[in-house]
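Raw contents of model-v5.pdb, PDB, C-alpha atoms and all ligand atoms:
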```
ATOM      1  CA  MET A1125      79.915 175.684  42.950  1.00  0.00           C
ATOM      2  CA  MET A1126      81.515 177.569  45.827  1.00  0.00           C
ATOM      3  CA  VAL A1127      80.143 181.004  46.687  1.00  0.00           C
ATOM      4  CA  PRO A1128      82.933 183.520  46.215  1.00  0.00           C
ATOM      5  CA  ARG A1129      83.959 185.111  49.505  1.00  0.00           C
ATOM      6  CA  ILE A1130      85.923 188.035  48.192  1.00  0.00           C
ATOM      7  CA  ASP A1131      83.215 189.866  46.220  1.00  0.00           C
ATOM      8  CA  VAL A1132      81.957 193.104  47.705  1.00  0.00           C
ATOM      9  CA  VAL A1133      78.335 192.480  48.616  1.00  0.00           C
ATOM     10  CA  GLU A1134      77.676 195.841  50.283  1.00  0.00           C
ATOM     11  CA  GLU A1135      79.265 199.222  50.843  1.00  0.00           C
ATOM     12  CA  LEU A1136      78.469 200.413  54.322  1.00  0.00           C
ATOM     13  CA  GLU A1137      78.939 204.078  55.173  1.00  0.00           C
ATOM     14  CA  LEU A1138      79.652 204.903  58.801  1.00  0.00           C
ATOM     15  CA  SER A1139      79.865 208.394  60.284  1.00  0.00           C
ATOM     16  CA  TYR A1140      81.764 209.667  63.299  1.00  0.00           C
ATOM     17  CA  GLU A1141      81.579 212.584  65.735  1.00  0.00           C
ATOM     18  CA  ILE A1142      85.290 213.192  65.703  1.00  0.00           C
ATOM     19  CA  PRO A1143      86.748 213.354  62.201  1.00  0.00           C
ATOM     20  CA  TYR A1144      90.163 212.197  61.125  1.00  0.00           C
ATOM     21  CA  LEU A1145      92.317 215.106  59.979  1.00  0.00           C
ATOM     22  CA  THR A1146      94.534 214.313  57.036  1.00  0.00           C
ATOM     23  CA  GLY A1147      97.994 215.777  56.563  1.00  0.00           C
ATOM     24  CA  LYS A1148      96.428 218.338  54.267  1.00  0.00           C
ATOM     25  CA  GLY A1149      94.013 219.436  56.955  1.00  0.00           C
ATOM     26  CA  GLU A1150      91.011 217.741  55.419  1.00  0.00           C
ATOM     27  CA  ALA A1151      88.444 216.484  57.938  1.00  0.00           C
ATOM     28  CA  ILE A1152      87.089 213.019  57.185  1.00  0.00           C
ATOM     29  CA  ASP A1153      84.096 212.016  59.261  1.00  0.00           C
ATOM     30  CA  THR A1154      82.842 209.015  57.341  1.00  0.00           C
ATOM     31  CA  LEU A1155      84.244 205.617  56.534  1.00  0.00           C
ATOM     32  CA  THR A1156      83.106 203.292  53.789  1.00  0.00           C
ATOM     33  CA  VAL A1157      83.417 199.653  54.759  1.00  0.00           C
ATOM     34  CA  ARG A1158      83.249 197.088  51.987  1.00  0.00           C
ATOM     35  CA  ILE A1159      81.447 194.016  53.269  1.00  0.00           C
ATOM     36  CA  ASN A1160      82.547 190.757  51.673  1.00  0.00           C
ATOM     37  CA  GLU A1161      80.386 188.210  53.438  1.00  0.00           C
ATOM     38  CA  GLN A1162      78.045 187.496  56.326  1.00  0.00           C
ATOM     39  CA  ARG A1163      79.106 184.893  58.856  1.00  0.00           C
ATOM     40  CA  GLN A1164      77.248 183.957  62.025  1.00  0.00           C
ATOM     41  CA  GLY A1165      75.223 187.150  61.810  1.00  0.00           C
ATOM     42  CA  VAL A1166      78.338 189.300  61.602  1.00  0.00           C
ATOM     43  CA  SER A1167      79.314 191.330  58.526  1.00  0.00           C
ATOM     44  CA  ILE A1168      82.874 190.499  57.478  1.00  0.00           C
ATOM     45  CA  SER A1169      85.178 192.835  55.603  1.00  0.00           C
ATOM     46  CA  TYR A1170      88.629 191.839  54.373  1.00  0.00           C
ATOM     47  CA  ALA A1171      91.555 194.160  53.787  1.00  0.00           C
ATOM     48  CA  LEU A1172      94.036 192.064  51.876  1.00  0.00           C
ATOM     49  CA  VAL A1173      97.319 192.905  50.234  1.00  0.00           C
ATOM     50  CA  ASP A1174      96.711 190.217  47.644  1.00  0.00           C
ATOM     51  CA  CYS A1175      93.015 190.164  46.668  1.00  0.00           C
ATOM     52  CA  THR A1176      92.467 186.663  45.385  1.00  0.00           C
ATOM     53  CA  GLU A1177      89.988 184.041  46.524  1.00  0.00           C
ATOM     54  CA  GLN A1178      92.770 181.531  47.044  1.00  0.00           C
ATOM     55  CA  HIS A1179      94.792 183.907  49.175  1.00  0.00           C
ATOM     56  CA  LEU A1180      91.734 184.775  51.255  1.00  0.00           C
ATOM     57  CA  ASN A1181      90.989 181.094  51.858  1.00  0.00           C
ATOM     58  CA  SER A1182      94.483 180.372  53.028  1.00  0.00           C
ATOM     59  CA  LEU A1183      94.829 183.498  55.171  1.00  0.00           C
ATOM     60  CA  PHE A1184      91.345 183.587  56.680  1.00  0.00           C
ATOM     61  CA  PRO A1185      89.761 180.124  56.303  1.00  0.00           C
ATOM     62  CA  SER A1186      85.959 180.020  56.625  1.00  0.00           C
ATOM     63  CA  GLU A1187      85.917 177.975  59.844  1.00  0.00           C
ATOM     64  CA  GLY A1188      88.365 180.360  61.446  1.00  0.00           C
ATOM     65  CA  VAL A1189      86.282 183.390  60.527  1.00  0.00           C
ATOM     66  CA  ASP A1190      83.134 181.613  61.751  1.00  0.00           C
ATOM     67  CA  SER A1191      84.641 181.032  65.170  1.00  0.00           C
ATOM     68  CA  LEU A1192      86.022 184.557  65.318  1.00  0.00           C
ATOM     69  CA  ALA A1193      82.618 186.008  64.404  1.00  0.00           C
ATOM     70  CA  GLN A1194      80.915 183.887  67.049  1.00  0.00           C
ATOM     71  CA  MET A1195      83.454 184.866  69.657  1.00  0.00           C
ATOM     72  CA  THR A1196      83.022 188.552  68.813  1.00  0.00           C
ATOM     73  CA  LYS A1197      79.249 188.316  69.135  1.00  0.00           C
ATOM     74  CA  ARG A1198      79.454 186.448  72.433  1.00  0.00           C
ATOM     75  CA  ILE A1199      81.959 188.861  73.983  1.00  0.00           C
ATOM     76  CA  LEU A1200      79.955 191.946  73.007  1.00  0.00           C
ATOM     77  CA  ARG A1201      76.800 190.310  74.357  1.00  0.00           C
ATOM     78  CA  ASP A1202      78.572 189.443  77.637  1.00  0.00           C
ATOM     79  CA  LEU A1203      79.538 193.107  77.898  1.00  0.00           C
ATOM     80  CA  GLU A1204      75.941 194.132  77.190  1.00  0.00           C
ATOM     81  CA  VAL A1205      76.891 195.856  73.971  1.00  0.00           C
ATOM     82  CA  LYS A1206      74.034 194.952  71.638  1.00  0.00           C
ATOM     83  CA  PRO A1207      74.321 196.888  68.398  1.00  0.00           C
ATOM     84  CA  PRO A1208      71.946 196.124  65.516  1.00  0.00           C
ATOM     85  CA  ARG A1209      75.049 195.507  63.476  1.00  0.00           C
ATOM     86  CA  ILE A1210      78.521 194.091  64.137  1.00  0.00           C
ATOM     87  CA  VAL A1211      81.222 194.371  61.492  1.00  0.00           C
ATOM     88  CA  LEU A1212      84.481 192.480  61.740  1.00  0.00           C
ATOM     89  CA  GLN A1213      87.241 193.826  59.521  1.00  0.00           C
ATOM     90  CA  LEU A1214      90.262 191.596  59.102  1.00  0.00           C
ATOM     91  CA  TRP A1215      93.471 193.147  57.870  1.00  0.00           C
ATOM     92  CA  GLU A1216      96.278 191.214  56.344  1.00  0.00           C
ATOM     93  CA  TYR A1217      99.478 192.308  58.004  1.00  0.00           C
ATOM     94  CA  SER A1218     101.583 194.523  55.828  1.00  0.00           C
ATOM     95  CA  PRO A1219     104.243 196.975  56.955  1.00  0.00           C
ATOM     96  CA  ALA A1220     102.846 199.394  54.354  1.00  0.00           C
ATOM     97  CA  THR A1221      99.331 199.692  55.784  1.00  0.00           C
ATOM     98  CA  GLY A1222      98.666 202.418  58.287  1.00  0.00           C
ATOM     99  CA  LEU A1223      96.831 200.405  60.916  1.00  0.00           C
ATOM    100  CA  SER A1224      99.204 197.466  60.995  1.00  0.00           C
ATOM    101  CA  SER A1225     101.152 198.827  63.948  1.00  0.00           C
ATOM    102  CA  VAL A1226      98.201 198.384  66.270  1.00  0.00           C
ATOM    103  CA  GLU A1227      96.614 195.073  67.109  1.00  0.00           C
ATOM    104  CA  GLY A1228      93.144 196.391  66.560  1.00  0.00           C
ATOM    105  CA  ARG A1229      90.601 199.132  66.800  1.00  0.00           C
ATOM    106  CA  ALA A1230      86.974 199.197  67.836  1.00  0.00           C
ATOM    107  CA  PRO A1231      85.233 202.317  66.573  1.00  0.00           C
ATOM    108  CA  VAL A1232      81.537 202.817  67.208  1.00  0.00           C
ATOM    109  CA  ASN A1233      79.663 205.073  64.813  1.00  0.00           C
ATOM    110  CA  LYS A1234      77.904 208.320  65.679  1.00  0.00           C
ATOM    111  CA  GLN A1235      74.409 206.777  65.704  1.00  0.00           C
ATOM    112  CA  ARG A1236      75.676 203.971  67.965  1.00  0.00           C
ATOM    113  CA  ASP A1237      74.090 201.328  65.768  1.00  0.00           C
ATOM    114  CA  THR A1238      77.225 199.686  64.368  1.00  0.00           C
ATOM    115  CA  VAL A1239      80.286 198.350  66.164  1.00  0.00           C
ATOM    116  CA  LEU A1240      83.262 197.805  63.900  1.00  0.00           C
ATOM    117  CA  ILE A1241      86.008 195.571  65.216  1.00  0.00           C
ATOM    118  CA  ILE A1242      89.253 195.820  63.265  1.00  0.00           C
ATOM    119  CA  LEU A1243      91.877 193.136  63.790  1.00  0.00           C
ATOM    120  CA  THR A1244      95.266 193.278  62.156  1.00  0.00           C
ATOM    121  CA  LYS A1245      96.978 190.281  63.610  1.00  0.00           C
ATOM    122  CA  THR A1246      98.407 187.609  61.435  1.00  0.00           C
ATOM    123  CA  PRO A1247      99.446 184.800  61.026  1.00  0.00           C
ATOM    124  CA  PHE A1248      95.879 183.888  61.636  1.00  0.00           C
ATOM    125  CA  VAL A1249      95.600 181.994  64.883  1.00  0.00           C
ATOM    126  CA  TYR A1250      91.891 181.498  65.293  1.00  0.00           C
ATOM    127  CA  ARG A1251      90.081 180.039  68.275  1.00  0.00           C
ATOM    128  CA  PHE A1252      93.043 180.772  70.542  1.00  0.00           C
ATOM    129  CA  GLY A1253      95.066 183.914  70.574  1.00  0.00           C
ATOM    130  CA  HIS A1254      92.324 186.251  69.490  1.00  0.00           C
ATOM    131  CA  GLU A1255      90.250 185.951  72.632  1.00  0.00           C
ATOM    132  CA  MET A1256      92.319 188.452  74.615  1.00  0.00           C
ATOM    133  CA  VAL A1257      92.496 191.032  71.857  1.00  0.00           C
ATOM    134  CA  LEU A1258      88.757 190.717  71.264  1.00  0.00           C
ATOM    135  CA  TRP A1259      87.921 191.304  74.924  1.00  0.00           C
ATOM    136  CA  HIS A1260      90.219 194.267  74.872  1.00  0.00           C
ATOM    137  CA  GLN A1261      88.751 195.854  71.769  1.00  0.00           C
ATOM    138  CA  ALA A1262      85.222 195.093  72.909  1.00  0.00           C
ATOM    139  CA  MET A1263      85.892 197.088  76.079  1.00  0.00           C
ATOM    140  CA  HIS A1264      87.024 200.096  74.047  1.00  0.00           C
ATOM    141  CA  ALA A1265      83.786 199.685  72.071  1.00  0.00           C
ATOM    142  CA  LYS A1266      81.687 199.403  75.254  1.00  0.00           C
ATOM    143  CA  ASP A1267      83.023 202.701  76.596  1.00  0.00           C
ATOM    144  CA  ARG A1268      82.150 204.400  73.303  1.00  0.00           C
ATOM    145  CA  TRP A1269      78.839 202.603  73.016  1.00  0.00           C
ATOM    146  CA  GLU A1270      77.821 203.872  76.470  1.00  0.00           C
ATOM    147  CA  TYR A1271      78.893 207.438  75.585  1.00  0.00           C
ATOM    148  CA  ARG A1272      81.775 207.671  78.045  1.00  0.00           C
ATOM    149  CA  PHE A1273      83.996 208.178  75.011  1.00  0.00           C
ATOM    150  CA  PRO A1274      83.166 209.916  71.743  1.00  0.00           C
ATOM    151  CA  ALA A1275      82.628 208.178  68.425  1.00  0.00           C
ATOM    152  CA  ALA A1276      85.961 208.917  66.798  1.00  0.00           C
ATOM    153  CA  HIS A1277      86.933 207.956  63.246  1.00  0.00           C
ATOM    154  CA  PRO A1278      89.126 204.830  63.431  1.00  0.00           C
ATOM    155  CA  MET A1279      92.131 206.706  62.047  1.00  0.00           C
ATOM    156  CA  VAL A1280      91.987 209.273  64.877  1.00  0.00           C
ATOM    157  CA  ASP A1281      94.900 208.811  67.206  1.00  0.00           C
ATOM    158  CA  ALA A1282      94.114 210.457  70.544  1.00  0.00           C
ATOM    159  CA  GLY A1283      97.606 209.818  71.796  1.00  0.00           C
ATOM    160  CA  GLU A1284      99.367 206.917  73.410  1.00  0.00           C
ATOM    161  CA  TRP A1285      99.190 208.457  76.867  1.00  0.00           C
ATOM    162  CA  LEU A1286      95.396 208.574  76.698  1.00  0.00           C
ATOM    163  CA  ASP A1287      95.240 204.908  75.706  1.00  0.00           C
ATOM    164  CA  ALA A1288      97.683 203.956  78.441  1.00  0.00           C
ATOM    165  CA  LEU A1289      95.438 205.574  81.084  1.00  0.00           C
ATOM    166  CA  TRP A1290      92.298 204.109  79.516  1.00  0.00           C
ATOM    167  CA  HIS A1291      93.937 200.666  79.725  1.00  0.00           C
ATOM    168  CA  PHE A1292      94.105 200.900  83.541  1.00  0.00           C
ATOM    169  CA  SER A1293      90.336 201.151  83.541  1.00  0.00           C
ATOM    170  CA  ILE A1294      89.760 198.497  80.883  1.00  0.00           C
ATOM    171  CA  ASP A1295      92.041 195.782  82.200  1.00  0.00           C
ATOM    172  CA  GLY A1296      91.048 196.400  85.799  1.00  0.00           C
ATOM    173  CA  ARG A1297      87.403 195.856  84.917  1.00  0.00           C
ATOM    174  CA  LEU A1298      88.190 192.752  82.869  1.00  0.00           C
ATOM    175  CA  GLN A1299      90.203 191.413  85.797  1.00  0.00           C
ATOM    176  CA  SER A1300      87.347 191.936  88.243  1.00  0.00           C
ATOM    177  CA  TRP A1301      84.997 190.059  85.909  1.00  0.00           C
ATOM    178  CA  GLY A1302      87.461 187.179  85.527  1.00  0.00           C
ATOM    179  CA  LYS A1303      87.977 187.809  81.785  1.00  0.00           C
ATOM    180  CA  PRO A1304      91.211 187.685  79.767  1.00  0.00           C
ATOM    181  CA  HIS A1305      93.230 190.852  80.385  1.00  0.00           C
ATOM    182  CA  TYR A1306      96.706 192.301  80.581  1.00  0.00           C
ATOM    183  CA  SER A1307      98.165 192.432  84.080  1.00  0.00           C
ATOM    184  CA  ARG A1308      98.404 195.505  86.237  1.00  0.00           C
ATOM    185  CA  ALA A1309     102.210 195.265  86.125  1.00  0.00           C
ATOM    186  CA  GLU A1310     102.190 195.209  82.302  1.00  0.00           C
ATOM    187  CA  ARG A1311      99.855 198.191  82.090  1.00  0.00           C
ATOM    188  CA  LEU A1312     101.823 200.150  84.676  1.00  0.00           C
ATOM    189  CA  GLU A1313     104.977 199.490  82.689  1.00  0.00           C
ATOM    190  CA  GLU A1314     103.241 200.660  79.518  1.00  0.00           C
ATOM    191  CA  ALA A1315     102.074 203.894  81.164  1.00  0.00           C
ATOM    192  CA  LYS A1316     105.504 204.613  82.635  1.00  0.00           C
ATOM    193  CA  THR A1317     107.166 204.102  79.260  1.00  0.00           C
ATOM    194  CA  VAL A1318     104.652 206.291  77.438  1.00  0.00           C
ATOM    195  CA  LEU A1319     104.706 209.095  80.021  1.00  0.00           C
ATOM    196  CA  GLN A1320     108.502 209.048  80.017  1.00  0.00           C
ATOM    197  CA  ARG A1321     108.445 209.494  76.265  1.00  0.00           C
ATOM    198  CA  VAL A1322     105.817 212.243  76.065  1.00  0.00           C
ATOM    199  CA  CYS A1323     107.035 214.156  79.119  1.00  0.00           C
ATOM    200  CA  PRO A1324     110.801 213.957  78.894  1.00  0.00           C
ATOM    201  CA  GLY A1325     112.568 215.456  81.887  1.00  0.00           C
ATOM    202  CA  LYS A1326     109.597 215.038  84.216  1.00  0.00           C
ATOM    203  CA  GLU A1327     109.685 212.413  86.951  1.00  0.00           C
ATOM    204  CA  LEU A1328     106.335 210.726  86.393  1.00  0.00           C
ATOM    205  CA  GLN A1329     107.013 207.191  87.646  1.00  0.00           C
ATOM    206  CA  ALA A1330     105.299 207.817  90.986  1.00  0.00           C
ATOM    207  CA  ARG A1331     102.432 209.677  89.293  1.00  0.00           C
ATOM    208  CA  ALA A1332     101.904 206.705  86.959  1.00  0.00           C
ATOM    209  CA  GLU A1333     101.617 204.435  89.980  1.00  0.00           C
ATOM    210  CA  GLU A1334      99.098 206.763  91.610  1.00  0.00           C
ATOM    211  CA  LEU A1335      97.041 206.918  88.431  1.00  0.00           C
ATOM    212  CA  CYS A1336      97.103 203.147  88.095  1.00  0.00           C
ATOM    213  CA  HIS A1337      95.857 202.872  91.674  1.00  0.00           C
ATOM    214  CA  GLU A1338      93.145 205.478  91.030  1.00  0.00           C
ATOM    215  CA  LEU A1339      91.893 204.203  87.690  1.00  0.00           C
ATOM    216  CA  TRP A1340      92.375 200.434  87.890  1.00  0.00           C
ATOM    217  CA  GLY A1341      89.001 198.820  87.335  1.00  0.00           C
ATOM    218  CA  LYS A1342      87.076 202.100  87.502  1.00  0.00           C
ATOM    219  CA  GLU A1343      84.779 203.335  84.761  1.00  0.00           C
ATOM    220  CA  VAL A1344      86.331 206.459  83.258  1.00  0.00           C
ATOM    221  CA  THR A1345      85.248 209.037  80.713  1.00  0.00           C
ATOM    222  CA  PHE A1346      87.143 210.720  77.925  1.00  0.00           C
ATOM    223  CA  THR A1347      86.700 214.074  79.712  1.00  0.00           C
ATOM    224  CA  GLN A1348      88.236 212.685  82.900  1.00  0.00           C
ATOM    225  CA  LEU A1349      91.275 211.365  81.042  1.00  0.00           C
ATOM    226  CA  LEU A1350      91.725 214.685  79.246  1.00  0.00           C
ATOM    227  CA  GLU A1351      91.708 216.460  82.615  1.00  0.00           C
ATOM    228  CA  ILE A1352      94.337 214.119  83.991  1.00  0.00           C
ATOM    229  CA  GLY A1353      96.400 214.753  80.879  1.00  0.00           C
ATOM    230  CA  ARG A1354      96.033 218.499  81.240  1.00  0.00           C
ATOM    231  CA  ASP A1355      97.362 218.290  84.808  1.00  0.00           C
ATOM    232  CA  LEU A1356     100.385 216.483  83.408  1.00  0.00           C
ATOM    233  CA  GLY A1357     100.802 219.144  80.727  1.00  0.00           C
ATOM    234  CA  LEU A1358      99.581 216.827  77.976  1.00  0.00           C
ATOM    235  CA  GLU A1359      97.257 217.652  75.128  1.00  0.00           C
ATOM    236  CA  PRO A1360      95.474 215.067  73.018  1.00  0.00           C
ATOM    237  CA  ALA A1361      96.806 214.540  69.533  1.00  0.00           C
ATOM    238  CA  SER A1362      95.463 216.805  66.800  1.00  0.00           C
ATOM    239  CA  GLY A1363      91.792 217.068  66.059  1.00  0.00           C
ATOM    240  CA  LEU A1364      90.404 216.475  69.544  1.00  0.00           C
TER     241      LEU A1364
HETATM  242 ZN    ZN B1401      93.683 199.441  73.731  1.00  0.00          ZN
END
```

Translate this structure into structure tokens?
Ligand SMILES: [Zn+2]
Amino acid sequence: MMVPRIDVVEELELSYEIPYLTGKGEAIDTLTVRINEQRQGVSISYALVDCTEQHLNSLFPSEGVDSLAQMTKRILRDLEVKPPRIVLQLWEYSPATGLSSVEGRAPVNKQRDTVLIILTKTPFVYRFGHEMVLWHQAMHAKDRWEYRFPAAHPMVDAGEWLDALWHFSIDGRLQSWGKPHYSRAERLEEAKTVLQRVCPGKELQARAEELCHELWGKEVTFTQLLEIGRDLGLEPASGL
């Protein structure tokens, strides 16, 4: 008799310092995560379009989830992020779901006792392919874990420009530690594209290069990035 993997075994409530503001102006500062199973000491939550056991087994096979859970634990440990609880939430790709446009999220709750890693990539290529995105998300989590960034609800979107600047710091640090990362050229390109879009009419190419030089590999704080944004005439997206 196989143990069903899709049953909800626990409902975990997480709270955040920065709430998500809905279109109606409602502030949501908690998130309920439905845990489906425990694997390798990690709580696993599935967000499927088609909620059947068979579909789950074909989309996220047990061995794949085991290796992903192990990898997540190892990466967080390497980064000295040691929460009492790690939750891995795996989303089935669907154009209809809100988070599907991003590769992942890594919110840390207000109490800093739970790190939630959300991955939305599919088809499911386990063992390879997820290593880079996990390192990346784990770095976002580390900065929150160590209070350089606030514990924001996972639906909070601080703005692409803020992420683009944060990425200079993240990938520069990963590079200096010899870990998988996006290149400086890729991140500079990203920042230039984003700044061009959010500051139309301003010539910010040179400024993007300066910022890349300044921030690459350096620990930054949310406050610092907001100040840089303010100098550029940028405000964070609503709610912050
Ligand atoms: Zn990122």

Checklist line | Nearby residues (all atoms listed in the file) at most 7 Å from segment 1156-1162 of chain A, same-chain spacing under 5 positions excluded, as a ChimeraX atom specification | finding: /A:1129-1138,1167-1170

Next item on the list: List every protein, DNA or RNA residue that has an atom no more than 7 Å from (83.0, 203.8, 63.9) in the file's coordinate frame, counting only C-alpha atoms, and report them as JSON, numbers by chain.
Entry: {"A": [1138, 1139, 1140, 1231, 1232, 1233, 1239, 1240, 1275, 1276, 1277, 1278]}

Please report as JSON lines every residue of segment 1310-1347 of chain A lying within 8 Å of segment 1281-1302 of chain A, along with the nearest atom pair and their distance in Å (one decimal), using only C-alpha atoms.
```
{"residue": "A:Arg1311", "atom": "CA", "partner": "A:Phe1292", "partner_atom": "CA", "distance": 6.5}
{"residue": "A:Leu1312", "atom": "CA", "partner": "A:Phe1292", "partner_atom": "CA", "distance": 7.8}
{"residue": "A:Glu1314", "atom": "CA", "partner": "A:Ala1288", "partner_atom": "CA", "distance": 6.6}
{"residue": "A:Ala1315", "atom": "CA", "partner": "A:Ala1288", "partner_atom": "CA", "distance": 5.2}
{"residue": "A:Val1318", "atom": "CA", "partner": "A:Trp1285", "partner_atom": "CA", "distance": 5.9}
{"residue": "A:Leu1319", "atom": "CA", "partner": "A:Trp1285", "partner_atom": "CA", "distance": 6.4}
{"residue": "A:Val1322", "atom": "CA", "partner": "A:Trp1285", "partner_atom": "CA", "distance": 7.7}
{"residue": "A:Leu1335", "atom": "CA", "partner": "A:Leu1289", "partner_atom": "CA", "distance": 7.6}
{"residue": "A:Cys1336", "atom": "CA", "partner": "A:Phe1292", "partner_atom": "CA", "distance": 5.9}
{"residue": "A:Leu1339", "atom": "CA", "partner": "A:Ser1293", "partner_atom": "CA", "distance": 5.4}
{"residue": "A:Trp1340", "atom": "CA", "partner": "A:Phe1292", "partner_atom": "CA", "distance": 4.7}
{"residue": "A:Gly1341", "atom": "CA", "partner": "A:Gly1296", "partner_atom": "CA", "distance": 3.5}
{"residue": "A:Lys1342", "atom": "CA", "partner": "A:Ser1293", "partner_atom": "CA", "distance": 5.2}
{"residue": "A:Glu1343", "atom": "CA", "partner": "A:Ser1293", "partner_atom": "CA", "distance": 6.1}
{"residue": "A:Val1344", "atom": "CA", "partner": "A:Ser1293", "partner_atom": "CA", "distance": 6.7}
```

Next item on the list: Could you tell me which residues the PyMOL selection byres (((chain A and resi 1273) around 10) and not hetatm) grabs in this file, written as a PyMOL selection string?
Entry: chain A and resi 1232+1264-1272+1274-1276+1344-1347+1349

Margin query: One decimal, in Å: what's the spacing between atom CA of Pro1304 of chain A and atom CA of Leu1258 of chain A?
Written below: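 So the two atoms, atom CA of Pro1304 of chain A and atom CA of Leu1258 of chain A, lie 9.4 Å apart.
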
Next item on the list: Pick out the closest residue to Gly1228 of chain A from this set: A:Val1257, A:Val1205, A:Val1211, A:Ala1193. Count all atoms listed in the file.
Entry: A:Val1257

Margin query: Which residues would end up in the selection if the PyMOL selection byres (((chain A and resi 1176-1187) around 7) and not hetatm) were applied here, given that I need the answer as a VMD selection string?
Written below: chain A and resid 1129 to 1130 1174 to 1175 1188 to 1191 1248
